[in-house]
>>> print(open('target29.txt').read())   # compact mmCIF, N, CA and C atoms and all ligand atoms
# COMPACT_ATOMS: atom_id res chain seq x y z
N MET A 1 8.32 64.03 246.01
CA MET A 1 7.25 64.92 246.45
C MET A 1 7.80 65.98 247.40
N ALA A 2 7.27 67.19 247.30
CA ALA A 2 7.74 68.27 248.17
C ALA A 2 7.37 67.97 249.62
N THR A 3 8.22 68.40 250.53
CA THR A 3 7.93 68.23 251.95
C THR A 3 8.05 69.59 252.64
N ILE A 4 7.61 69.63 253.87
CA ILE A 4 7.72 70.84 254.68
C ILE A 4 8.23 70.43 256.05
N LYS A 5 9.11 71.25 256.62
CA LYS A 5 9.69 70.91 257.94
C LYS A 5 8.68 71.24 259.04
N LEU A 6 8.50 70.30 259.96
CA LEU A 6 7.61 70.55 261.12
C LEU A 6 8.42 70.46 262.40
N GLU A 7 8.32 71.50 263.21
CA GLU A 7 8.93 71.47 264.56
C GLU A 7 7.83 71.69 265.58
N ILE A 8 7.77 70.80 266.57
CA ILE A 8 6.81 70.97 267.68
C ILE A 8 7.64 71.19 268.94
N VAL A 9 7.39 72.31 269.60
CA VAL A 9 8.21 72.75 270.72
C VAL A 9 7.31 73.04 271.92
N THR A 10 7.76 72.67 273.12
CA THR A 10 7.02 73.08 274.32
C THR A 10 7.99 73.76 275.29
N PRO A 11 7.46 74.60 276.17
CA PRO A 11 8.34 75.27 277.13
C PRO A 11 9.06 74.26 278.03
N ASP A 12 8.38 73.19 278.42
CA ASP A 12 8.96 72.19 279.35
C ASP A 12 10.02 71.32 278.69
N LYS A 13 9.67 70.82 277.48
CA LYS A 13 10.48 69.74 276.90
C LYS A 13 11.34 70.19 275.73
N GLY A 14 11.20 71.42 275.27
CA GLY A 14 11.92 71.85 274.06
C GLY A 14 11.32 71.18 272.84
N GLU A 15 12.18 70.80 271.88
CA GLU A 15 11.65 70.24 270.62
C GLU A 15 11.31 68.76 270.82
N ILE A 16 10.04 68.40 270.62
CA ILE A 16 9.66 66.98 270.76
C ILE A 16 9.48 66.32 269.40
N PHE A 17 9.42 67.15 268.34
CA PHE A 17 9.25 66.59 266.98
C PHE A 17 9.96 67.53 266.02
N GLY A 18 10.75 66.97 265.12
CA GLY A 18 11.43 67.78 264.10
C GLY A 18 11.70 66.90 262.89
N LYS A 19 10.89 67.03 261.85
CA LYS A 19 11.00 66.13 260.69
C LYS A 19 10.43 66.83 259.46
N ASP A 20 10.86 66.38 258.30
CA ASP A 20 10.24 66.83 257.05
C ASP A 20 8.98 65.98 256.83
N ILE A 21 7.87 66.62 256.62
CA ILE A 21 6.59 65.90 256.52
C ILE A 21 5.87 66.26 255.22
N ASP A 22 4.80 65.51 254.91
CA ASP A 22 4.03 65.77 253.69
C ASP A 22 2.86 66.74 253.95
N MET A 23 2.25 66.58 255.13
CA MET A 23 1.07 67.41 255.42
C MET A 23 0.78 67.39 256.92
N LEU A 24 0.26 68.51 257.44
CA LEU A 24 -0.15 68.59 258.84
C LEU A 24 -1.61 69.01 258.89
N ILE A 25 -2.40 68.30 259.71
CA ILE A 25 -3.81 68.68 259.88
C ILE A 25 -4.02 69.04 261.35
N VAL A 26 -4.45 70.29 261.57
CA VAL A 26 -4.62 70.77 262.95
C VAL A 26 -6.00 71.39 263.13
N ARG A 27 -6.39 71.51 264.40
CA ARG A 27 -7.59 72.30 264.71
C ARG A 27 -7.14 73.65 265.25
N SER A 28 -7.51 74.70 264.55
CA SER A 28 -7.15 76.05 265.00
C SER A 28 -8.43 76.73 265.46
N LYS A 29 -8.27 77.91 266.03
CA LYS A 29 -9.45 78.68 266.45
C LYS A 29 -10.34 79.00 265.25
N ALA A 30 -9.71 79.02 264.04
CA ALA A 30 -10.47 79.35 262.83
C ALA A 30 -11.04 78.11 262.15
N GLY A 31 -10.87 76.93 262.75
CA GLY A 31 -11.38 75.70 262.14
C GLY A 31 -10.24 74.75 261.81
N GLU A 32 -10.59 73.64 261.13
CA GLU A 32 -9.57 72.64 260.79
C GLU A 32 -8.74 73.15 259.60
N LEU A 33 -7.43 72.97 259.70
CA LEU A 33 -6.53 73.45 258.65
C LEU A 33 -5.62 72.31 258.20
N GLY A 34 -5.42 72.19 256.89
CA GLY A 34 -4.46 71.24 256.35
C GLY A 34 -3.31 72.04 255.76
N ILE A 35 -2.11 71.80 256.24
CA ILE A 35 -0.95 72.59 255.79
C ILE A 35 -0.05 71.73 254.90
N LEU A 36 0.10 72.17 253.67
CA LEU A 36 0.95 71.47 252.70
C LEU A 36 2.21 72.31 252.46
N PRO A 37 3.25 71.70 251.84
CA PRO A 37 4.44 72.49 251.49
C PRO A 37 4.04 73.70 250.66
N LYS A 38 4.79 74.78 250.83
CA LYS A 38 4.58 76.05 250.08
C LYS A 38 3.31 76.78 250.51
N HIS A 39 2.84 76.48 251.71
CA HIS A 39 1.67 77.19 252.24
C HIS A 39 2.01 78.67 252.46
N ALA A 40 1.02 79.51 252.34
CA ALA A 40 1.23 80.95 252.61
C ALA A 40 1.55 81.17 254.08
N ASN A 41 2.20 82.28 254.37
CA ASN A 41 2.51 82.62 255.76
C ASN A 41 1.22 82.69 256.59
N LEU A 42 1.32 82.19 257.82
CA LEU A 42 0.13 82.12 258.67
C LEU A 42 0.56 82.05 260.13
N LEU A 43 -0.18 82.74 260.98
CA LEU A 43 0.03 82.61 262.42
C LEU A 43 -1.35 82.41 263.03
N THR A 44 -1.52 81.30 263.76
CA THR A 44 -2.86 81.03 264.30
C THR A 44 -2.78 80.37 265.66
N GLU A 45 -3.85 80.54 266.42
CA GLU A 45 -3.95 79.94 267.75
C GLU A 45 -4.53 78.53 267.60
N LEU A 46 -3.97 77.57 268.31
CA LEU A 46 -4.41 76.18 268.16
C LEU A 46 -5.34 75.75 269.29
N LEU A 47 -6.22 74.82 268.98
CA LEU A 47 -7.06 74.20 270.00
C LEU A 47 -6.36 72.94 270.50
N THR A 48 -6.67 72.53 271.69
CA THR A 48 -6.14 71.28 272.24
C THR A 48 -6.72 70.11 271.44
N HIS A 49 -5.84 69.30 270.85
CA HIS A 49 -6.35 68.21 270.02
C HIS A 49 -5.21 67.25 269.66
N ALA A 50 -5.57 66.19 268.92
CA ALA A 50 -4.55 65.28 268.38
C ALA A 50 -4.26 65.75 266.96
N MET A 51 -3.06 66.33 266.74
CA MET A 51 -2.76 66.76 265.37
C MET A 51 -2.32 65.58 264.53
N ARG A 52 -2.65 65.63 263.23
CA ARG A 52 -2.36 64.50 262.34
C ARG A 52 -1.24 64.89 261.39
N ILE A 53 -0.19 64.08 261.40
CA ILE A 53 1.00 64.36 260.59
C ILE A 53 1.12 63.28 259.54
N LYS A 54 1.06 63.68 258.27
CA LYS A 54 1.22 62.70 257.18
C LYS A 54 2.67 62.74 256.74
N VAL A 55 3.30 61.57 256.83
CA VAL A 55 4.71 61.49 256.49
C VAL A 55 5.02 60.11 255.91
N GLY A 56 5.61 60.12 254.70
CA GLY A 56 6.01 58.87 254.05
C GLY A 56 4.90 57.84 253.93
N GLY A 57 3.68 58.29 253.63
CA GLY A 57 2.57 57.35 253.46
C GLY A 57 1.92 56.92 254.77
N ASN A 58 2.46 57.36 255.90
CA ASN A 58 1.85 57.02 257.20
C ASN A 58 1.22 58.27 257.82
N GLU A 59 0.40 58.01 258.85
CA GLU A 59 -0.13 59.13 259.62
C GLU A 59 0.29 58.98 261.07
N GLU A 60 0.91 60.02 261.61
CA GLU A 60 1.32 60.00 263.02
C GLU A 60 0.45 61.01 263.77
N LEU A 61 0.15 60.68 265.04
CA LEU A 61 -0.65 61.60 265.84
C LEU A 61 0.21 62.16 266.97
N VAL A 62 -0.01 63.44 267.26
CA VAL A 62 0.68 64.07 268.40
C VAL A 62 -0.38 64.87 269.17
N ALA A 63 -0.44 64.67 270.49
CA ALA A 63 -1.38 65.45 271.31
C ALA A 63 -0.76 66.80 271.61
N THR A 64 -1.50 67.88 271.35
CA THR A 64 -0.98 69.20 271.73
C THR A 64 -2.05 69.96 272.50
N SER A 65 -1.59 70.72 273.49
CA SER A 65 -2.49 71.52 274.32
C SER A 65 -2.24 72.99 274.02
N GLY A 66 -3.27 73.66 273.54
CA GLY A 66 -3.20 75.10 273.29
C GLY A 66 -2.06 75.51 272.39
N GLY A 67 -1.64 76.74 272.53
CA GLY A 67 -0.46 77.23 271.82
C GLY A 67 -0.75 77.84 270.46
N PHE A 68 0.33 78.00 269.71
CA PHE A 68 0.27 78.71 268.43
C PHE A 68 0.96 77.91 267.34
N MET A 69 0.61 78.20 266.10
CA MET A 69 1.31 77.62 264.95
C MET A 69 1.72 78.75 264.02
N GLU A 70 3.00 78.74 263.65
CA GLU A 70 3.49 79.69 262.65
C GLU A 70 3.86 78.91 261.40
N VAL A 71 3.34 79.34 260.26
CA VAL A 71 3.63 78.66 258.99
C VAL A 71 4.35 79.62 258.05
N THR A 72 5.43 79.13 257.41
CA THR A 72 6.05 79.82 256.28
C THR A 72 6.06 78.79 255.15
N PRO A 73 6.39 79.16 253.93
CA PRO A 73 6.29 78.17 252.84
C PRO A 73 7.11 76.91 253.04
N ASP A 74 8.22 76.96 253.81
CA ASP A 74 9.02 75.74 253.98
C ASP A 74 9.12 75.25 255.43
N LYS A 75 8.39 75.88 256.36
CA LYS A 75 8.50 75.43 257.76
C LYS A 75 7.23 75.71 258.57
N ILE A 76 6.88 74.72 259.40
CA ILE A 76 5.76 74.89 260.35
C ILE A 76 6.35 74.80 261.75
N THR A 77 6.06 75.79 262.58
CA THR A 77 6.49 75.73 263.97
C THR A 77 5.25 75.72 264.86
N VAL A 78 5.16 74.68 265.69
CA VAL A 78 4.07 74.62 266.66
C VAL A 78 4.68 74.86 268.04
N LEU A 79 4.20 75.88 268.73
CA LEU A 79 4.64 76.14 270.10
C LEU A 79 3.42 75.88 270.98
N ALA A 80 3.43 74.73 271.66
CA ALA A 80 2.24 74.32 272.43
C ALA A 80 2.55 74.40 273.93
N ASP A 81 1.49 74.55 274.74
CA ASP A 81 1.68 74.56 276.20
C ASP A 81 2.23 73.21 276.64
N ALA A 82 1.72 72.13 276.02
CA ALA A 82 2.24 70.77 276.28
C ALA A 82 2.02 69.95 275.01
N ALA A 83 2.87 68.96 274.78
CA ALA A 83 2.71 68.09 273.60
C ALA A 83 3.29 66.73 273.93
N GLU A 84 2.64 65.69 273.41
CA GLU A 84 3.13 64.33 273.67
C GLU A 84 3.06 63.48 272.42
N LEU A 85 4.13 62.77 272.15
CA LEU A 85 4.14 61.72 271.13
C LEU A 85 3.47 60.49 271.73
N PRO A 86 2.93 59.59 270.88
CA PRO A 86 2.21 58.42 271.42
C PRO A 86 3.01 57.65 272.48
N ASP A 87 4.29 57.42 272.21
CA ASP A 87 5.09 56.59 273.13
C ASP A 87 5.26 57.22 274.51
N SER A 88 5.10 58.54 274.61
CA SER A 88 5.36 59.18 275.90
C SER A 88 4.08 59.35 276.72
N ILE A 89 2.95 58.85 276.18
CA ILE A 89 1.68 59.07 276.90
C ILE A 89 1.41 57.96 277.91
N ASP A 90 1.11 58.40 279.12
CA ASP A 90 0.73 57.49 280.20
C ASP A 90 -0.80 57.39 280.16
N VAL A 91 -1.31 56.25 279.67
CA VAL A 91 -2.75 56.09 279.44
C VAL A 91 -3.52 56.16 280.76
N GLU A 92 -3.00 55.51 281.80
CA GLU A 92 -3.73 55.50 283.09
C GLU A 92 -3.86 56.92 283.64
N ARG A 93 -2.77 57.69 283.50
CA ARG A 93 -2.81 59.08 283.97
C ARG A 93 -3.86 59.88 283.19
N ALA A 94 -3.90 59.69 281.88
CA ALA A 94 -4.88 60.42 281.07
C ALA A 94 -6.31 59.99 281.42
N LYS A 95 -6.50 58.68 281.69
CA LYS A 95 -7.85 58.20 282.05
C LYS A 95 -8.28 58.79 283.38
N SER A 96 -7.36 58.87 284.36
CA SER A 96 -7.72 59.46 285.67
C SER A 96 -8.06 60.93 285.50
N SER A 97 -7.28 61.60 284.66
CA SER A 97 -7.50 63.03 284.44
C SER A 97 -8.87 63.25 283.78
N LEU A 98 -9.20 62.37 282.84
CA LEU A 98 -10.50 62.44 282.15
C LEU A 98 -11.64 62.27 283.16
N LYS A 99 -11.49 61.25 284.02
CA LYS A 99 -12.54 60.94 285.00
C LYS A 99 -12.73 62.13 285.96
N ARG A 100 -11.61 62.66 286.44
CA ARG A 100 -11.65 63.80 287.36
C ARG A 100 -12.38 64.98 286.69
N ALA A 101 -12.02 65.26 285.46
CA ALA A 101 -12.63 66.40 284.75
C ALA A 101 -14.12 66.15 284.54
N GLU A 102 -14.48 64.91 284.16
CA GLU A 102 -15.92 64.61 283.93
C GLU A 102 -16.70 64.77 285.24
N GLU A 103 -16.11 64.33 286.36
CA GLU A 103 -16.79 64.45 287.65
C GLU A 103 -16.98 65.92 288.04
N ARG A 104 -15.96 66.72 287.78
CA ARG A 104 -16.06 68.15 288.11
C ARG A 104 -17.15 68.82 287.25
N ILE A 105 -17.18 68.45 285.97
CA ILE A 105 -18.17 69.07 285.08
C ILE A 105 -19.58 68.64 285.49
N ALA A 106 -19.74 67.35 285.84
CA ALA A 106 -21.06 66.87 286.29
C ALA A 106 -21.48 67.58 287.58
N ALA A 107 -20.54 67.74 288.51
CA ALA A 107 -20.85 68.41 289.78
C ALA A 107 -21.24 69.86 289.53
N TYR A 108 -20.55 70.49 288.60
CA TYR A 108 -20.87 71.89 288.25
C TYR A 108 -22.29 71.99 287.70
N LYS A 109 -22.62 71.04 286.80
CA LYS A 109 -23.94 71.09 286.14
C LYS A 109 -25.08 70.87 287.12
N SER A 110 -24.82 70.07 288.18
CA SER A 110 -25.91 69.81 289.13
C SER A 110 -25.86 70.78 290.31
N SER A 111 -24.98 71.76 290.26
CA SER A 111 -24.90 72.74 291.36
C SER A 111 -25.51 74.05 290.89
N SER A 112 -25.65 74.99 291.83
CA SER A 112 -26.00 76.34 291.40
C SER A 112 -24.74 76.83 290.69
N LYS A 113 -24.90 77.49 289.57
CA LYS A 113 -23.76 77.73 288.69
C LYS A 113 -22.70 78.68 289.28
N ASP A 114 -22.97 79.20 290.48
CA ASP A 114 -21.95 80.04 291.11
C ASP A 114 -21.05 79.20 292.03
N SER A 115 -21.06 77.85 291.84
CA SER A 115 -20.24 76.99 292.68
C SER A 115 -18.77 77.32 292.49
N ILE A 116 -17.94 76.80 293.38
CA ILE A 116 -16.52 77.14 293.32
C ILE A 116 -15.78 76.35 292.23
N ILE A 117 -16.51 75.44 291.55
CA ILE A 117 -15.84 74.66 290.51
C ILE A 117 -15.51 75.56 289.32
N ASP A 118 -14.26 75.48 288.89
CA ASP A 118 -13.81 76.29 287.76
C ASP A 118 -14.11 75.48 286.49
N ILE A 119 -15.26 75.78 285.87
CA ILE A 119 -15.73 74.97 284.74
C ILE A 119 -14.79 75.06 283.54
N LYS A 120 -14.27 76.24 283.28
CA LYS A 120 -13.37 76.41 282.12
C LYS A 120 -12.12 75.54 282.31
N ARG A 121 -11.62 75.52 283.53
CA ARG A 121 -10.43 74.73 283.82
C ARG A 121 -10.72 73.23 283.66
N ALA A 122 -11.90 72.81 284.14
CA ALA A 122 -12.28 71.39 284.02
C ALA A 122 -12.46 71.01 282.55
N GLU A 123 -13.05 71.90 281.77
CA GLU A 123 -13.24 71.61 280.33
C GLU A 123 -11.90 71.53 279.60
N ALA A 124 -10.96 72.38 279.99
CA ALA A 124 -9.63 72.35 279.36
C ALA A 124 -8.91 71.05 279.72
N ALA A 125 -9.04 70.62 280.98
CA ALA A 125 -8.40 69.37 281.40
C ALA A 125 -9.02 68.18 280.66
N LEU A 126 -10.34 68.24 280.47
CA LEU A 126 -11.05 67.18 279.73
C LEU A 126 -10.51 67.10 278.29
N ALA A 127 -10.36 68.25 277.65
CA ALA A 127 -9.87 68.27 276.26
C ALA A 127 -8.44 67.71 276.19
N ARG A 128 -7.60 68.03 277.16
CA ARG A 128 -6.21 67.51 277.15
C ARG A 128 -6.22 65.99 277.29
N ALA A 129 -7.03 65.49 278.23
CA ALA A 129 -7.09 64.04 278.44
C ALA A 129 -7.63 63.33 277.20
N LYS A 130 -8.66 63.91 276.58
CA LYS A 130 -9.26 63.28 275.38
C LYS A 130 -8.25 63.24 274.24
N ALA A 131 -7.50 64.32 274.07
CA ALA A 131 -6.49 64.37 272.99
C ALA A 131 -5.43 63.30 273.23
N ARG A 132 -5.01 63.13 274.48
CA ARG A 132 -3.97 62.13 274.79
C ARG A 132 -4.48 60.72 274.52
N LEU A 133 -5.73 60.48 274.88
CA LEU A 133 -6.29 59.14 274.67
C LEU A 133 -6.50 58.88 273.18
N LEU A 134 -6.89 59.90 272.44
CA LEU A 134 -7.08 59.77 270.99
C LEU A 134 -5.76 59.36 270.31
N VAL A 135 -4.68 59.96 270.76
CA VAL A 135 -3.36 59.63 270.19
C VAL A 135 -3.02 58.16 270.45
N LYS A 136 -3.57 57.60 271.52
CA LYS A 136 -3.37 56.18 271.83
C LYS A 136 -4.51 55.34 271.24
N ASN A 137 -5.30 55.97 270.36
CA ASN A 137 -6.42 55.29 269.71
C ASN A 137 -7.54 54.88 270.65
N ILE A 138 -7.67 55.60 271.75
CA ILE A 138 -8.77 55.33 272.69
C ILE A 138 -9.78 56.46 272.54
N HIS A 139 -10.95 56.11 272.05
CA HIS A 139 -11.97 57.13 271.80
C HIS A 139 -12.86 57.22 273.02
N SER A 140 -12.76 58.31 273.77
CA SER A 140 -13.50 58.41 275.04
C SER A 140 -14.82 59.12 274.83
P1 LIG A 201 -2.66 65.69 284.85
O1 LIG A 201 -3.99 66.09 285.41
O2 LIG A 201 -2.55 64.21 284.64
O3 LIG A 201 -1.44 66.29 285.54
P2 LIG A 201 -2.64 67.81 282.88
O4 LIG A 201 -3.49 67.86 281.64
O5 LIG A 201 -3.02 68.74 283.96
O6 LIG A 201 -2.62 66.28 283.35
P3 LIG A 201 -0.49 69.31 281.77
O7 LIG A 201 -0.45 70.46 282.72
O8 LIG A 201 -1.15 69.52 280.43
O9 LIG A 201 -1.12 68.03 282.49
O10 LIG A 201 0.98 68.75 281.49
C1 LIG A 201 2.04 68.81 282.43
C2 LIG A 201 3.17 67.93 281.89
O11 LIG A 201 2.81 66.56 282.02
C3 LIG A 201 3.48 68.16 280.42
O12 LIG A 201 4.86 68.02 280.21
C4 LIG A 201 2.72 67.05 279.72
O13 LIG A 201 3.33 66.69 278.49
C5 LIG A 201 2.81 65.92 280.74
N1 LIG A 201 1.64 65.02 280.74
C6 LIG A 201 0.38 65.30 281.15
N2 LIG A 201 -0.42 64.22 281.07
C7 LIG A 201 0.35 63.22 280.56
C8 LIG A 201 0.11 61.85 280.22
N3 LIG A 201 -1.11 61.29 280.38
N4 LIG A 201 1.14 61.14 279.75
C9 LIG A 201 2.36 61.68 279.59
N5 LIG A 201 2.66 62.96 279.90
C10 LIG A 201 1.67 63.74 280.36
>>> encode(input="target29.txt", output="structure tokens")
Amino acid sequence: MATIKLEIVTPDKGEIFGKDIDMLIVRSKAGELGILPKHANLLTELLTHAMRIKVGGNEELVATSGGFMEVTPDKITVLADAAELPDSIDVERAKSSLKRAEERIAAYKSSSKDSIIDIKRAEAALARAKARLLVKNIHS
């Protein structure tokens, strides 16, 4: 079966994933996308989520925060603000981050909306924590 090379790169860690895969499923700003070998050229902005990588009959999950994906017929490059493989995720840290973000969002909602809480920042932190927990199979 045809495969396509996937590289996931972050500014902090460099390449965290580099393998020939069968299919990648991501959430982009334009919606959910499934990328197969020989896909047309594409450049898109990614949402923070757990991307699904189909390889050798298995599915692997990788948490990615923001960033971009460039696709050519034989290669996918993901350049994310941050990315974690399941083994590198600290579950307690992600749970604390989730709790902190939920508390900030709740405080914002019960305040006059001109409060000093940065709601966009809290929502982004919540999405990062949820993606990390999802990769560890924890549905928050
Ligand atoms: P926190 O609030 O726990 O610091 P964050 O979402 O603000 O989380 P980021 O700014 O997205 O963290 O990431 C900073 C660095 O820490 C990145 O290299 C990222 O991969 C890593 N990182 C963040 N959270 C975790 C986690 N729960 N487990 C492992 N690595 C993590």
>>> residues_near_ligand(input="target29.txt", ligand="ligand LIG 201 (chain A)", cutoff="7 Å", atoms="only C-alpha atoms and all ligand atoms", output="list in words")
Asp12, Lys13, Ser65, Ala82, Ala83, Glu84, Ser88, Ile89, Asp90, Val91, Glu92, Arg93, Ala94, Ser97, Ala125, Arg128, Ala129 and Arg132 of chain A
>>> residues_around(input="target29.txt", residues="Glu123 (chain A)", least_positions_apart="4", cutoff="8 Å", atoms="all atoms listed in the file", output="number ranges by chain")
A: 101-102, 104-105, 118-119, 127-129
>>> select_by_dssp(input="target29.txt", residues="region 2-130 of chain A", states="helix (DSSP H, G or I)", output="JSON, numbers by chain")
{"A": [86, 87, 88, 91, 92, 93, 94, 95, 96, 97, 98, 99, 100, 101, 102, 103, 104, 105, 106, 107, 108, 109, 119, 120, 121, 122, 123, 124, 125, 126, 127, 128, 129, 130]}
>>> residues_near_point(input="target29.txt", point="(4.8, 75.7, 249.9)", cutoff="9 Å", atoms="only C-alpha atoms", output="ChimeraX atom specification")
/A:2-4,35-40,72-75
>>> select_by_dssp(input="target29.txt", residues="chain A", states="strand (DSSP E or B)", output="PyMOL selection string")
chain A and resi 4-10+14-21+23-28+31-35+42-46+49-55+58-65+68-72+75-79+82-84
>>> closest_residue(input="target29.txt", among="A:Ala107, A:Ile138, A:Ala131, A:Ile16", to="Met51 (chain A)", atoms="all atoms listed in the file")
A:Ala131
>>> atom_distance(input="target29.txt", atom1="atom N of Arg121 (chain A)", atom2="CA of Val62 (chain A)")
22.6 Å
>>> axis_aligned_box(input="target29.txt", around="region 19-24 of chain A", padding_each_side="3 Å", output="AutoDock Vina command-line options")
--center_x 4.7 --center_y 67.3 --center_z 257.8 --size_x 18.6 --size_y 9.5 --size_z 14.2
>>> closest_residue(input="target29.txt", among="A:Val135, A:Val78, A:Ala106, A:Leu43", to="Glu15 (chain A)", atoms="only C-alpha atoms")
A:Val78
>>> atom_distance(input="target29.txt", atom1="CA of Phe17 (chain A)", atom2="CA of Leu85 (chain A)")
8.2 Å
>>> closest_residue(input="target29.txt", among="A:Ile116, A:Val71, A:Ala63, A:Leu6", to="Lys136 (chain A)", atoms="only C-alpha atoms")
A:Ala63
>>> closest_residue(input="target29.txt", among="A:Lys130, A:Lys99, A:Lys19, A:Lys120", to="Lys5 (chain A)", atoms="only C-alpha atoms")
A:Lys19
>>> atom_distance(input="target29.txt", atom1="CA of Leu133 (chain A)", atom2="CA of Glu59 (chain A)")
16.3 Å
>>> closest_residue(input="target29.txt", among="A:Arg100, A:Ile117, A:Leu134, A:Thr64", to="Val9 (chain A)", atoms="only C-alpha atoms")
A:Thr64
>>> closest_residue(input="target29.txt", among="A:Ala80, A:Ile25, A:Ala122, A:Leu47", to="Leu61 (chain A)", atoms="only C-alpha atoms")
A:Ile25
